[in-house]
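Trainee: The following file, data_27.txt, comprises compact mmCIF, C-alpha atoms and all ligand atoms:
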# COMPACT_ATOMS: atom_id res chain seq x y z
CA MET A 1 82.99 97.46 125.44
CA LYS A 2 80.84 94.98 123.55
CA THR A 3 80.39 95.23 119.83
CA GLN A 4 76.95 95.63 118.39
CA ILE A 5 76.23 95.62 114.68
CA ILE A 6 73.04 97.09 113.29
CA SER A 7 72.05 96.54 109.67
CA GLN A 8 71.23 99.47 107.43
CA LYS A 9 67.55 98.43 107.50
CA GLU A 10 67.37 98.13 111.27
CA TYR A 11 68.78 101.59 111.92
CA THR A 12 66.46 104.12 113.55
CA ASN A 13 67.84 107.49 114.57
CA GLN A 14 70.02 106.65 117.53
CA ASN A 15 73.49 107.18 118.86
CA ILE A 16 76.19 105.01 117.38
CA ASP A 17 79.97 104.83 117.55
CA GLY A 18 80.22 104.83 113.77
CA THR A 19 79.68 103.00 110.53
CA LEU A 20 81.19 99.97 108.83
CA VAL A 21 81.30 99.82 105.05
CA PHE A 22 82.60 96.65 103.41
CA ASP A 23 82.39 94.57 100.27
CA GLY A 24 79.92 91.70 100.63
CA ASP A 25 82.30 88.79 100.56
CA GLY A 26 84.64 86.84 102.82
CA ASP A 27 87.46 89.33 102.36
CA GLY A 28 85.45 92.45 103.20
CA ALA A 29 83.71 90.82 106.17
CA GLY A 30 87.00 89.30 107.37
CA ALA A 31 88.74 92.68 107.33
CA ALA A 32 85.83 94.32 109.16
CA ALA A 33 85.85 91.61 111.84
CA ILE A 34 89.60 92.11 112.43
CA TRP A 35 89.16 95.88 112.65
CA LEU A 36 86.36 95.45 115.22
CA MET A 37 88.81 93.68 117.54
CA GLN A 38 90.63 97.00 117.95
CA ASN A 39 87.56 99.21 117.58
CA PRO A 40 84.71 97.66 119.55
CA GLY A 41 81.45 99.60 119.65
CA LYS A 42 78.03 100.06 118.17
CA TYR A 43 78.08 100.31 114.38
CA VAL A 44 75.71 100.44 111.46
CA SER A 45 76.77 98.05 108.71
CA PHE A 46 76.69 98.89 104.99
CA THR A 47 77.44 96.11 102.59
CA ASN A 48 76.31 94.66 99.28
CA GLN A 49 75.28 91.34 97.96
CA GLN A 50 78.38 90.28 96.11
CA LYS A 51 79.69 93.22 94.11
CA SER A 52 76.24 94.31 92.95
CA GLN A 53 76.94 97.80 94.20
CA ARG A 54 80.34 99.42 94.42
CA ASP A 55 79.54 102.95 95.61
CA LEU A 56 78.49 101.91 99.09
CA VAL A 57 79.62 104.90 101.12
CA LYS A 58 76.88 107.18 99.84
CA ASN A 59 74.32 104.88 101.49
CA VAL A 60 75.58 106.11 104.85
CA PHE A 61 74.16 109.56 104.15
CA GLU A 62 70.89 108.14 102.88
CA THR A 63 70.38 106.19 106.11
CA ILE A 64 71.83 108.18 109.00
CA PRO A 65 71.22 111.87 109.76
CA GLU A 66 74.44 113.88 109.78
CA GLU A 67 74.20 114.65 113.49
CA TYR A 68 74.66 110.93 114.25
CA ILE A 69 77.59 110.56 111.87
CA GLN A 70 79.75 113.56 112.63
CA ASN A 71 82.97 113.11 114.54
CA LYS A 72 82.33 109.37 114.80
CA ARG A 73 84.36 106.49 113.38
CA ALA A 74 84.13 104.69 110.07
CA GLY A 75 85.84 101.49 108.95
CA VAL A 76 85.85 101.08 105.16
CA PHE A 77 87.09 97.80 103.71
CA ASP A 78 87.62 96.16 100.33
CA ILE A 79 85.55 98.63 98.33
CA ALA A 80 86.51 100.57 95.22
CA ALA A 81 88.30 103.80 96.13
CA GLN A 82 87.33 105.71 93.01
CA GLN A 83 83.57 105.11 93.14
CA ASN A 84 83.52 106.20 96.78
CA ARG A 85 85.93 109.09 96.73
CA GLU A 86 83.32 111.85 96.89
CA ALA A 87 81.30 110.29 99.69
CA LEU A 88 84.48 109.59 101.67
CA GLU A 89 85.51 113.23 101.33
CA GLN A 90 82.08 114.22 102.62
CA LEU A 91 82.62 112.00 105.66
CA VAL A 92 86.02 113.60 106.28
CA ASN A 93 84.34 117.01 106.15
CA LEU A 94 81.96 115.86 108.87
CA GLY A 95 84.94 115.12 111.10
CA VAL A 96 84.57 111.35 110.74
CA ASN A 97 87.65 109.38 111.71
CA ILE A 98 88.08 106.94 108.82
CA ASP A 99 90.19 103.81 108.58
CA PHE A 100 90.40 102.63 104.98
CA ILE A 101 91.87 99.34 103.84
CA ASP A 102 91.79 97.95 100.35
CA HIS A 103 94.04 95.76 98.26
CA HIS A 104 93.33 97.37 94.92
CA SER A 105 94.53 100.92 95.44
CA ASN A 106 95.31 103.67 97.91
CA ILE A 107 92.75 106.35 98.56
CA SER A 108 95.01 109.40 99.11
CA ILE A 109 92.51 111.67 100.82
CA ASN A 110 93.81 113.94 103.58
CA GLY A 111 92.34 112.93 106.90
CA ILE A 112 91.85 109.26 106.06
CA SER A 113 94.06 106.61 107.65
CA ASP A 114 94.83 104.38 104.72
CA PHE A 115 96.44 101.03 105.53
CA SER A 116 96.29 99.83 101.96
CA GLN A 117 99.49 98.92 100.20
CA PRO A 118 100.14 100.18 96.72
CA ASP A 119 100.05 97.42 94.17
CA SER A 120 98.83 94.86 96.64
CA ARG A 121 96.36 93.35 94.19
CA GLN A 122 97.91 89.97 94.70
CA ILE A 123 96.90 89.88 98.33
CA SER A 124 93.63 90.66 100.06
CA THR A 125 92.11 93.26 102.35
CA ALA A 126 91.72 90.98 105.37
CA ILE A 127 95.41 90.13 105.39
CA LEU A 128 96.31 93.81 105.19
CA ALA A 129 94.08 94.36 108.23
CA TYR A 130 95.76 91.44 109.97
CA GLU A 131 99.26 92.74 109.20
CA HIS A 132 98.32 96.20 110.43
CA TYR A 133 96.75 95.15 113.73
CA LYS A 134 98.47 91.88 114.68
CA LYS A 135 100.97 93.40 117.12
CA LYS A 136 98.17 95.04 119.08
CA LEU A 137 96.03 91.92 119.40
CA THR A 138 95.90 89.50 122.32
CA ASP A 139 97.06 85.93 121.58
CA GLU A 140 93.47 84.77 121.35
CA GLU A 141 92.49 87.61 119.02
CA ASN A 142 95.57 86.98 116.96
CA GLU A 143 94.60 83.34 116.38
CA LYS A 144 91.16 84.40 115.25
CA ALA A 145 92.48 87.22 113.06
CA LYS A 146 94.64 84.64 111.26
CA ASP A 147 91.54 82.59 110.48
CA LEU A 148 89.86 85.69 109.10
CA ALA A 149 92.90 86.60 107.01
CA ILE A 150 92.94 83.08 105.53
CA LEU A 151 89.22 83.33 104.78
CA GLY A 152 89.82 86.62 102.95
CA LEU A 153 92.71 85.26 100.91
CA ALA A 154 90.73 82.15 99.92
CA ASN A 155 87.74 84.30 99.04
CA ASP A 156 89.95 86.16 96.59
CA GLY A 157 91.30 82.94 95.04
CA LYS A 158 94.61 83.05 96.92
CA SER A 159 94.45 79.85 98.95
CA ARG A 160 97.99 78.98 97.91
CA ALA A 161 99.28 82.27 99.29
CA ALA A 162 97.34 81.60 102.51
CA LYS A 163 99.02 78.21 102.92
CA LYS A 164 102.43 79.78 102.35
CA ILE A 165 101.92 82.75 104.69
CA PHE A 166 100.32 80.70 107.48
CA GLU A 167 102.31 77.50 107.13
CA ASN A 168 101.96 76.71 110.84
CA VAL A 169 98.19 76.56 110.78
CA ASN A 170 96.79 73.05 111.15
CA GLN A 171 96.20 71.58 107.67
CA GLU A 172 92.64 70.45 108.24
CA LYS A 173 91.66 73.85 109.58
CA MET A 174 93.43 75.55 106.66
CA ALA A 175 91.55 73.38 104.16
CA LYS A 176 88.20 74.18 105.77
CA LEU A 177 88.85 77.92 105.89
CA CYS A 178 89.94 77.90 102.23
CA TYR A 179 86.85 75.93 101.31
CA TYR A 180 84.48 78.37 103.01
CA GLY A 181 86.34 81.35 101.56
CA THR A 182 85.61 79.99 98.09
CA VAL A 183 81.96 79.39 98.99
CA LEU A 184 81.58 82.98 100.20
CA ASN A 185 83.02 84.29 96.95
CA TYR A 186 80.93 82.17 94.58
CA ALA A 187 77.63 81.75 96.42
CA ALA A 188 75.97 84.64 94.58
CA ASN A 189 76.76 83.09 91.20
CA LEU A 190 74.59 80.17 92.20
CA GLY A 191 71.75 82.49 93.07
CA HIS A 192 72.26 82.57 96.83
CA THR A 193 71.95 85.91 98.48
CA LEU A 194 73.95 85.69 101.65
CA ASP A 195 73.44 88.46 104.18
CA PHE A 196 76.94 89.72 104.91
CA THR A 197 75.85 91.83 107.86
CA GLU A 198 74.69 88.59 109.50
CA ILE A 199 77.93 86.93 108.46
CA LEU A 200 79.97 89.75 109.98
CA LYS A 201 78.02 89.42 113.23
CA GLY A 202 78.77 85.70 113.30
CA LEU A 203 82.42 86.05 112.35
CA SER A 204 83.08 88.72 114.95
CA SER A 205 81.22 87.13 117.86
CA GLU A 206 81.99 83.41 117.39
CA ASN A 207 84.85 81.09 116.56
CA VAL A 208 85.28 81.48 112.79
CA LEU A 209 84.91 77.83 111.75
CA ASP A 210 82.23 77.05 114.34
CA TYR A 211 80.20 79.89 112.94
CA LEU A 212 80.70 78.96 109.27
CA GLU A 213 79.94 75.27 109.82
CA ASN A 214 76.67 76.00 111.60
CA SER A 215 75.28 78.83 109.51
CA LYS A 216 73.55 79.41 106.20
CA VAL A 217 77.04 79.40 104.67
CA ALA A 218 77.31 75.64 105.29
CA GLU A 219 73.93 75.05 103.60
CA VAL A 220 75.12 76.98 100.56
CA ALA A 221 78.35 74.98 100.59
CA ASN A 222 76.35 71.73 100.44
CA GLU A 223 74.31 72.98 97.52
CA MET A 224 77.47 74.01 95.70
CA GLU A 225 78.89 70.52 96.14
CA THR A 226 75.76 68.96 94.73
CA SER A 227 75.85 71.38 91.80
CA THR A 228 79.50 70.65 91.10
CA ALA A 229 78.86 66.90 91.05
CA LEU A 230 75.91 67.41 88.71
CA LEU A 231 77.88 69.65 86.38
CA LEU A 232 80.84 67.28 86.28
CA SER A 233 78.58 64.34 85.50
CA LYS A 234 77.75 66.13 82.24
CA THR A 235 81.30 67.27 81.52
CA ARG A 236 83.76 65.69 79.10
CA ARG A 237 87.31 65.51 80.37
CA THR A 238 90.31 65.26 78.06
CA SER A 239 93.77 64.67 79.53
CA LYS A 240 96.99 65.40 77.67
CA LYS A 241 100.48 65.70 79.08
CA GLY A 242 100.48 68.71 81.39
CA LEU A 243 96.95 69.59 80.40
CA GLU A 244 93.42 68.81 81.59
CA VAL A 245 90.59 70.13 79.44
CA TYR A 246 86.98 70.14 80.65
CA THR A 247 84.29 70.60 78.03
CA PHE A 248 81.30 71.64 80.09
CA PRO A 249 77.76 70.90 78.88
CA ASN A 250 75.93 73.34 76.62
CA GLN A 251 74.31 75.97 78.73
CA SER A 252 70.57 75.63 78.99
CA SER A 253 69.17 78.32 81.22
CA LYS A 254 69.17 75.90 84.15
CA ASP A 255 72.74 74.79 83.62
CA LYS A 256 73.91 78.35 83.08
CA ILE A 257 73.45 79.23 86.74
CA LEU A 258 75.02 75.94 87.62
CA ALA A 259 78.10 76.48 85.50
CA ASN A 260 78.62 80.09 86.54
CA GLY A 261 78.57 79.09 90.18
CA VAL A 262 80.77 76.06 90.01
CA TYR A 263 83.10 75.83 87.04
CA SER A 264 85.39 78.57 88.24
CA PRO A 265 85.80 77.31 91.83
CA PHE A 266 86.17 73.80 90.41
CA LEU A 267 89.02 74.81 88.08
CA ASN A 268 90.62 76.83 90.87
CA SER A 269 90.59 73.85 93.20
CA GLU A 270 92.08 71.63 90.47
CA MET A 271 94.88 74.19 90.12
CA GLU A 272 95.42 74.18 93.89
CA LYS A 273 95.84 70.40 93.83
CA ASP A 274 98.06 70.39 90.77
CA PRO A 275 99.67 73.81 90.23
CA GLU A 276 102.29 72.66 87.71
CA ASN A 277 99.78 71.76 85.00
CA LEU A 278 97.14 73.64 83.04
CA HIS A 279 93.43 73.27 83.83
CA VAL A 280 91.19 74.55 81.09
CA GLY A 281 87.41 74.79 80.87
CA ILE A 282 85.33 75.35 77.72
CA ILE A 283 81.86 76.71 78.28
CA HIS A 284 79.34 77.22 75.49
CA MET A 285 77.16 80.02 76.79
CA GLU A 286 73.43 80.39 76.26
CA ASP A 287 73.97 83.48 74.09
CA GLY A 288 76.08 81.41 71.69
CA LYS A 289 79.43 82.73 72.88
CA TYR A 290 82.20 80.46 74.04
CA LYS A 291 84.10 81.09 77.23
CA VAL A 292 87.47 79.52 77.86
CA ALA A 293 88.83 79.56 81.41
CA ILE A 294 92.54 78.83 81.90
CA ARG A 295 94.16 78.06 85.25
CA GLY A 296 97.83 77.35 85.81
CA PRO A 297 101.28 78.66 84.85
CA ASN A 298 101.24 81.55 82.35
CA ALA A 299 97.44 81.43 82.08
CA LEU A 300 97.24 85.10 81.20
CA SER A 301 99.76 85.07 78.38
CA LEU A 302 98.15 81.90 76.98
CA ALA A 303 94.72 83.54 77.12
CA GLU A 304 96.13 86.55 75.29
CA LYS A 305 97.81 84.45 72.63
CA ILE A 306 94.95 82.02 71.97
CA SER A 307 92.17 84.61 72.14
CA LYS A 308 93.79 86.30 69.10
CA HIS A 309 93.21 83.14 67.10
CA TYR A 310 89.50 83.22 68.00
CA ASN A 311 89.21 86.98 67.73
CA GLY A 312 88.13 87.04 71.38
CA ASP A 313 88.46 89.23 74.46
CA TYR A 314 90.84 88.06 77.15
CA GLY A 315 91.46 89.05 80.75
CA GLY A 316 92.58 87.81 84.16
CA ARG A 317 95.78 87.49 86.10
CA GLU A 318 98.95 85.46 85.83
CA THR A 319 97.62 82.06 86.86
CA ALA A 320 93.86 82.56 86.39
CA ALA A 321 92.71 83.97 83.10
CA GLY A 322 90.38 83.36 80.19
CA PHE A 323 88.74 84.70 77.09
CA SER A 324 85.36 84.81 75.41
CA THR A 325 84.60 84.65 71.72
CA THR A 326 81.70 84.53 69.29
CA GLN A 327 83.56 81.88 67.27
CA THR A 328 83.19 78.16 67.90
CA VAL A 329 85.82 76.65 70.16
CA GLU A 330 86.36 72.96 69.38
CA THR A 331 88.03 70.99 72.14
CA SER A 332 90.59 69.32 69.84
CA GLU A 333 91.55 72.56 68.13
CA LEU A 334 91.95 74.33 71.46
CA ILE A 335 94.18 71.54 72.75
CA ALA A 336 96.33 71.91 69.63
CA LYS A 337 96.60 75.67 70.20
CA LEU A 338 97.52 75.16 73.84
CA GLY A 339 100.28 72.80 72.80
CA GLU A 340 101.92 75.25 70.40
MN MN A 401 86.03 91.74 97.82
Produce structure tokens that represent the structure in this file.

Mentor:
Amino acid sequence: MKTQIISQKEYTNQNIDGTLVFDGDGDGAGAAAIWLMQNPGKYVSFTNQQKSQRDLVKNVFETIPEEYIQNKRAGVFDIAAQQNREALEQLVNLGVNIDFIDHHSNISINGISDFSQPDSRQISTAILAYEHYKKKLTDEENEKAKDLAILGLANDGKSRAAKKIFENVNQEKMAKLCYYGTVLNYAANLGHTLDFTEILKGLSSENVLDYLENSKVAEVANEMETSTALLLSKTRRTSKKGLEVYTFPNQSSKDKILANGVYSPFLNSEMEKDPENLHVGIIHMEDGKYKVAIRGPNALSLAEKISKHYNGDYGGRETAAGFSTTQTVETSELIAKLGE
């Protein structure tokens, strides 16, 4: 059976094999593409433009009459369990056969096949899909599913984990997949609205890298590179032992978009290259607040400690964290605090 994907907008009352609901990023689309290998058919796709909407499942009911949903399949990937609980229960009540995979939490609804792993926040949805299905895939499918799992991990800022898990994958290919995973995650911050239904179609019907390198995603990647170069040309860099501090330019409204889209992937890639040291960015936001992004060992505990000094709010995870504050953050003072 051939797979056919119809976007929410294209759907007119017609018979389908089911629905696909996934987060609009490289991880959600990667997981959906892996699932489709084992569940080919005709599906309506429901996705968002980069986290703008979390309660996606309810859209299914707004688009498709119940008679076309009932007793069909649904694949639900990388979306928040809590915001979708009610709509998922409604689907179960319609006899829909649901596969649910997420790396944030389990769903625990009777009648839903949940392949999530508790406390799997450090991994990604696409790799959970890969782990679940890999034994059932042909060799060719397996190779492709690996690419998709890498894309998902990189999308979620876990390129290092991808390199560790898939150490036999050719280095050049690994680097490209990690690069595009980052682009898929950050494109929206630069104002690009990528259509993830189109991306899913491409990822599931073509070779993963061939598709990415010849699609809108590659255009966005080029623009991100230009933006990064521009931002860095206006950035002051201070190096101390074990520490690189980037003082980004003051945020005019034009540079704000620029910085949001590129400083974070830039710091992440610096950390990838040099994981032993700290990579810190200071961003003076348009609203007057300062944001400090910390990448590297113990980033979270450093963010917690230093944010207290500035009376700020901190957050993040072990190696990628930060804080924001209404107080002024001077580069030299911050460096002193980081050294304490
Ligand atoms: Mn996601």

Trainee: Which residue is closest to ligand MN 401 (chain A)? Choose from A:Asp195, A:Asp23, A:Glu340, A:Glu272 and count all atoms listed in the file.

Mentor: A:Asp23

Trainee: Write out as a list of chain:residue names which residues come within 10 Å of region 333-339 of chain A when counting only C-alpha atoms, dropping same-chain ones fewer than 4 positions away.

Mentor: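 Contacts, in chain order: A:Thr238, A:Ser239, A:Lys240, A:Lys241, A:Gly242, A:Leu243, A:Glu244, A:Val245, A:Leu278, A:Val280, A:Ile282, A:Val292, A:Leu302, A:Ala303, A:Lys305, A:Ile306, A:His309, A:Tyr310, A:Val329.
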
Trainee: Looking at all atoms listed in the file, which of A:Gly281, A:Pro297, A:Pro249, A:Pro40 is the one that sits closest to Gly322 (chain A)?

Mentor: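 Selected residue with least distance to Gly322 (chain A): A:Gly281.
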
Trainee: Tell me which of A:Ile98, A:Leu232, A:Leu151, A:Leu137 sits closest to ligand MN 401 (chain A), counting all atoms listed in the file.

Mentor: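 Once distances to ligand MN 401 (chain A) are computed over all atoms listed in the file, the minimum belongs to A:Leu151.
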
Trainee: List all protein, DNA and RNA residues that have any atom at most 7 Å from ligand MN 401 (chain A), counting all atoms listed in the file, and write the list as a VMD selection string.

Mentor: chain A and resid 23 to 25 27 to 28 78 to 79 156

Trainee: Report, in Å with one decimal, the straight-line distance from CA of Ala221 (chain A) to CA of Thr182 (chain A).

Mentor: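 That distance, rounded to one decimal, is 9.2 Å.
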
Trainee: Please indicate the distance in Å from CA of Ala87 (chain A) to CA of Glu62 (chain A), rounded to one decimal place.

Mentor: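 Going from CA of Ala87 (chain A) over to CA of Glu62 (chain A), I get 11.1 Å.
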
Trainee: Provide the CA of Met285 (chain A) to CA of Asn250 (chain A) distance in Å, to one decimal place.

Mentor: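 Computing the Euclidean distance for CA of Met285 (chain A) and CA of Asn250 (chain A) yields 6.8 Å.
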
Trainee: Which residues, written as a CSV table (one decimal) with C-alpha atoms, in the coordinates of the input, have at least one atom at most 10 Å from Gly288 (chain A), with all atoms listed in the file counted and residues fewer than 4 positions away on the same chain left out?

Mentor:
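Wrote it out as part-v6.csv, contents follow:
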chain,number,residue,atom,x,y,z
A,250,ASN,CA,75.9,73.3,76.6
A,251,GLN,CA,74.3,76.0,78.7
A,283,ILE,CA,81.9,76.7,78.3
A,284,HIS,CA,79.3,77.2,75.5
A,325,THR,CA,84.6,84.6,71.7
A,326,THR,CA,81.7,84.5,69.3
A,327,GLN,CA,83.6,81.9,67.3
A,328,THR,CA,83.2,78.2,67.9

Trainee: Which residue out of A:Ala81, A:Ala299, A:Val92, A:Ile123 has the minimum interatomic distance to Gly111 (chain A) when all atoms listed in the file are used?

Mentor: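 Answer, going by the shortest atom-to-atom distance: A:Val92.
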
Trainee: My list of candidates is A:Cys178, A:Ser227, A:Glu172, A:Thr331. Which is closest to Asn268 (chain A) when distances are computed with only C-alpha atoms?

Mentor: A:Cys178

Trainee: Could you list, as an mmCIF file with C-alpha atoms, in the coordinates of the input, every residue within 9 Å of region 269-271 of chain A, counting all atoms listed in the file and ignoring same-chain residues fewer than 5 positions away?

Mentor:
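Writing done, so here's part08.cif:
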data_model
loop_
_atom_site.group_PDB
_atom_site.id
_atom_site.type_symbol
_atom_site.label_atom_id
_atom_site.label_comp_id
_atom_site.auth_asym_id
_atom_site.auth_seq_id
_atom_site.Cartn_x
_atom_site.Cartn_y
_atom_site.Cartn_z
ATOM 1 C CA SER A 264 85.390 78.570 88.240
ATOM 2 C CA GLU A 276 102.290 72.660 87.710
ATOM 3 C CA ASN A 277 99.780 71.760 85.000
ATOM 4 C CA LEU A 278 97.140 73.640 83.040
ATOM 5 C CA HIS A 279 93.430 73.270 83.830
ATOM 6 C CA ARG A 295 94.160 78.060 85.250
ATOM 7 C CA GLY A 296 97.830 77.350 85.810
ATOM 8 C CA THR A 319 97.620 82.060 86.860
#

Trainee: Tell me, as JSON, numbers by chain, which residues lie within 7 Å of Asn71 (chain A), counting all atoms listed in the file; anything in the same chain fewer than 2 positions away does not count.

Mentor: {"A": [69, 73, 94, 95, 96, 97]}

Trainee: Please produce a file of those selected residues containing C-alpha atoms, as a PDB file, in the coordinates of the input.

Mentor:
ATOM      1  CA  ILE A  69      77.590 110.560 111.870  1.00  0.00           C
ATOM      2  CA  ARG A  73      84.360 106.490 113.380  1.00  0.00           C
ATOM      3  CA  LEU A  94      81.960 115.860 108.870  1.00  0.00           C
ATOM      4  CA  GLY A  95      84.940 115.120 111.100  1.00  0.00           C
ATOM      5  CA  VAL A  96      84.570 111.350 110.740  1.00  0.00           C
ATOM      6  CA  ASN A  97      87.650 109.380 111.710  1.00  0.00           C
TER       7      ASN A  97
END

Trainee: Which residue gives the smallest distance to Leu231 (chain A) among A:Asp114, A:Thr3, A:Phe266, A:Asn214, with only C-alpha atoms counted?

Mentor: A:Phe266

Trainee: Show which residues sit within 8 Å of Ile6 (chain A), as a compact mmCIF listing (two decimals) with C-alpha atoms, in the coordinates of the input. Count only C-alpha atoms, and ignore same-chain residues fewer than 6 positions away.

Mentor:
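For reference, around-v1.txt as written:
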# COMPACT_ATOMS: atom_id res chain seq x y z
CA LYS A 42 78.03 100.06 118.17
CA TYR A 43 78.08 100.31 114.38
CA VAL A 44 75.71 100.44 111.46
CA SER A 45 76.77 98.05 108.71

Trainee: Missing atoms in region 124-136 of chain A need filling: write out N, CA and C atoms for it as a PDB file, in the frame of the given file.

Mentor:
ATOM      1  N   SER A 124      95.035  90.383  99.806  1.00  0.00           N
ATOM      2  CA  SER A 124      93.630  90.660 100.060  1.00  0.00           C
ATOM      3  C   SER A 124      93.509  91.688 101.174  1.00  0.00           C
ATOM      4  N   THR A 125      92.319  92.212 101.354  1.00  0.00           N
ATOM      5  CA  THR A 125      92.110  93.260 102.350  1.00  0.00           C
ATOM      6  C   THR A 125      92.243  92.714 103.778  1.00  0.00           C
ATOM      7  N   ALA A 126      91.688  91.536 104.011  1.00  0.00           N
ATOM      8  CA  ALA A 126      91.720  90.980 105.370  1.00  0.00           C
ATOM      9  C   ALA A 126      93.151  90.752 105.845  1.00  0.00           C
ATOM     10  N   ILE A 127      94.033  90.347 104.925  1.00  0.00           N
ATOM     11  CA  ILE A 127      95.410  90.130 105.390  1.00  0.00           C
ATOM     12  C   ILE A 127      96.124  91.452 105.625  1.00  0.00           C
ATOM     13  N   LEU A 128      95.755  92.488 104.897  1.00  0.00           N
ATOM     14  CA  LEU A 128      96.310  93.810 105.190  1.00  0.00           C
ATOM     15  C   LEU A 128      95.864  94.274 106.576  1.00  0.00           C
ATOM     16  N   ALA A 129      94.595  94.007 106.900  1.00  0.00           N
ATOM     17  CA  ALA A 129      94.080  94.360 108.230  1.00  0.00           C
ATOM     18  C   ALA A 129      94.831  93.565 109.292  1.00  0.00           C
ATOM     19  N   TYR A 130      95.031  92.288 109.024  1.00  0.00           N
ATOM     20  CA  TYR A 130      95.760  91.440 109.970  1.00  0.00           C
ATOM     21  C   TYR A 130      97.182  91.968 110.196  1.00  0.00           C
ATOM     22  N   GLU A 131      97.881  92.252 109.098  1.00  0.00           N
ATOM     23  CA  GLU A 131      99.260  92.740 109.200  1.00  0.00           C
ATOM     24  C   GLU A 131      99.309  94.063 109.977  1.00  0.00           C
ATOM     25  N   HIS A 132      98.325  94.898 109.773  1.00  0.00           N
ATOM     26  CA  HIS A 132      98.320  96.200 110.430  1.00  0.00           C
ATOM     27  C   HIS A 132      98.074  96.104 111.933  1.00  0.00           C
ATOM     28  N   TYR A 133      97.181  95.183 112.326  1.00  0.00           N
ATOM     29  CA  TYR A 133      96.750  95.150 113.730  1.00  0.00           C
ATOM     30  C   TYR A 133      97.394  94.052 114.564  1.00  0.00           C
ATOM     31  N   LYS A 134      98.086  93.097 113.947  1.00  0.00           N
ATOM     32  CA  LYS A 134      98.470  91.880 114.680  1.00  0.00           C
ATOM     33  C   LYS A 134      99.273  92.146 115.952  1.00  0.00           C
ATOM     34  N   LYS A 135     100.142  93.152 115.945  1.00  0.00           N
ATOM     35  CA  LYS A 135     100.970  93.400 117.120  1.00  0.00           C
ATOM     36  C   LYS A 135     100.159  93.926 118.298  1.00  0.00           C
ATOM     37  N   LYS A 136      98.994  94.477 118.010  1.00  0.00           N
ATOM     38  CA  LYS A 136      98.170  95.040 119.080  1.00  0.00           C
ATOM     39  C   LYS A 136      97.180  94.029 119.648  1.00  0.00           C
TER      40      LYS A 136
END
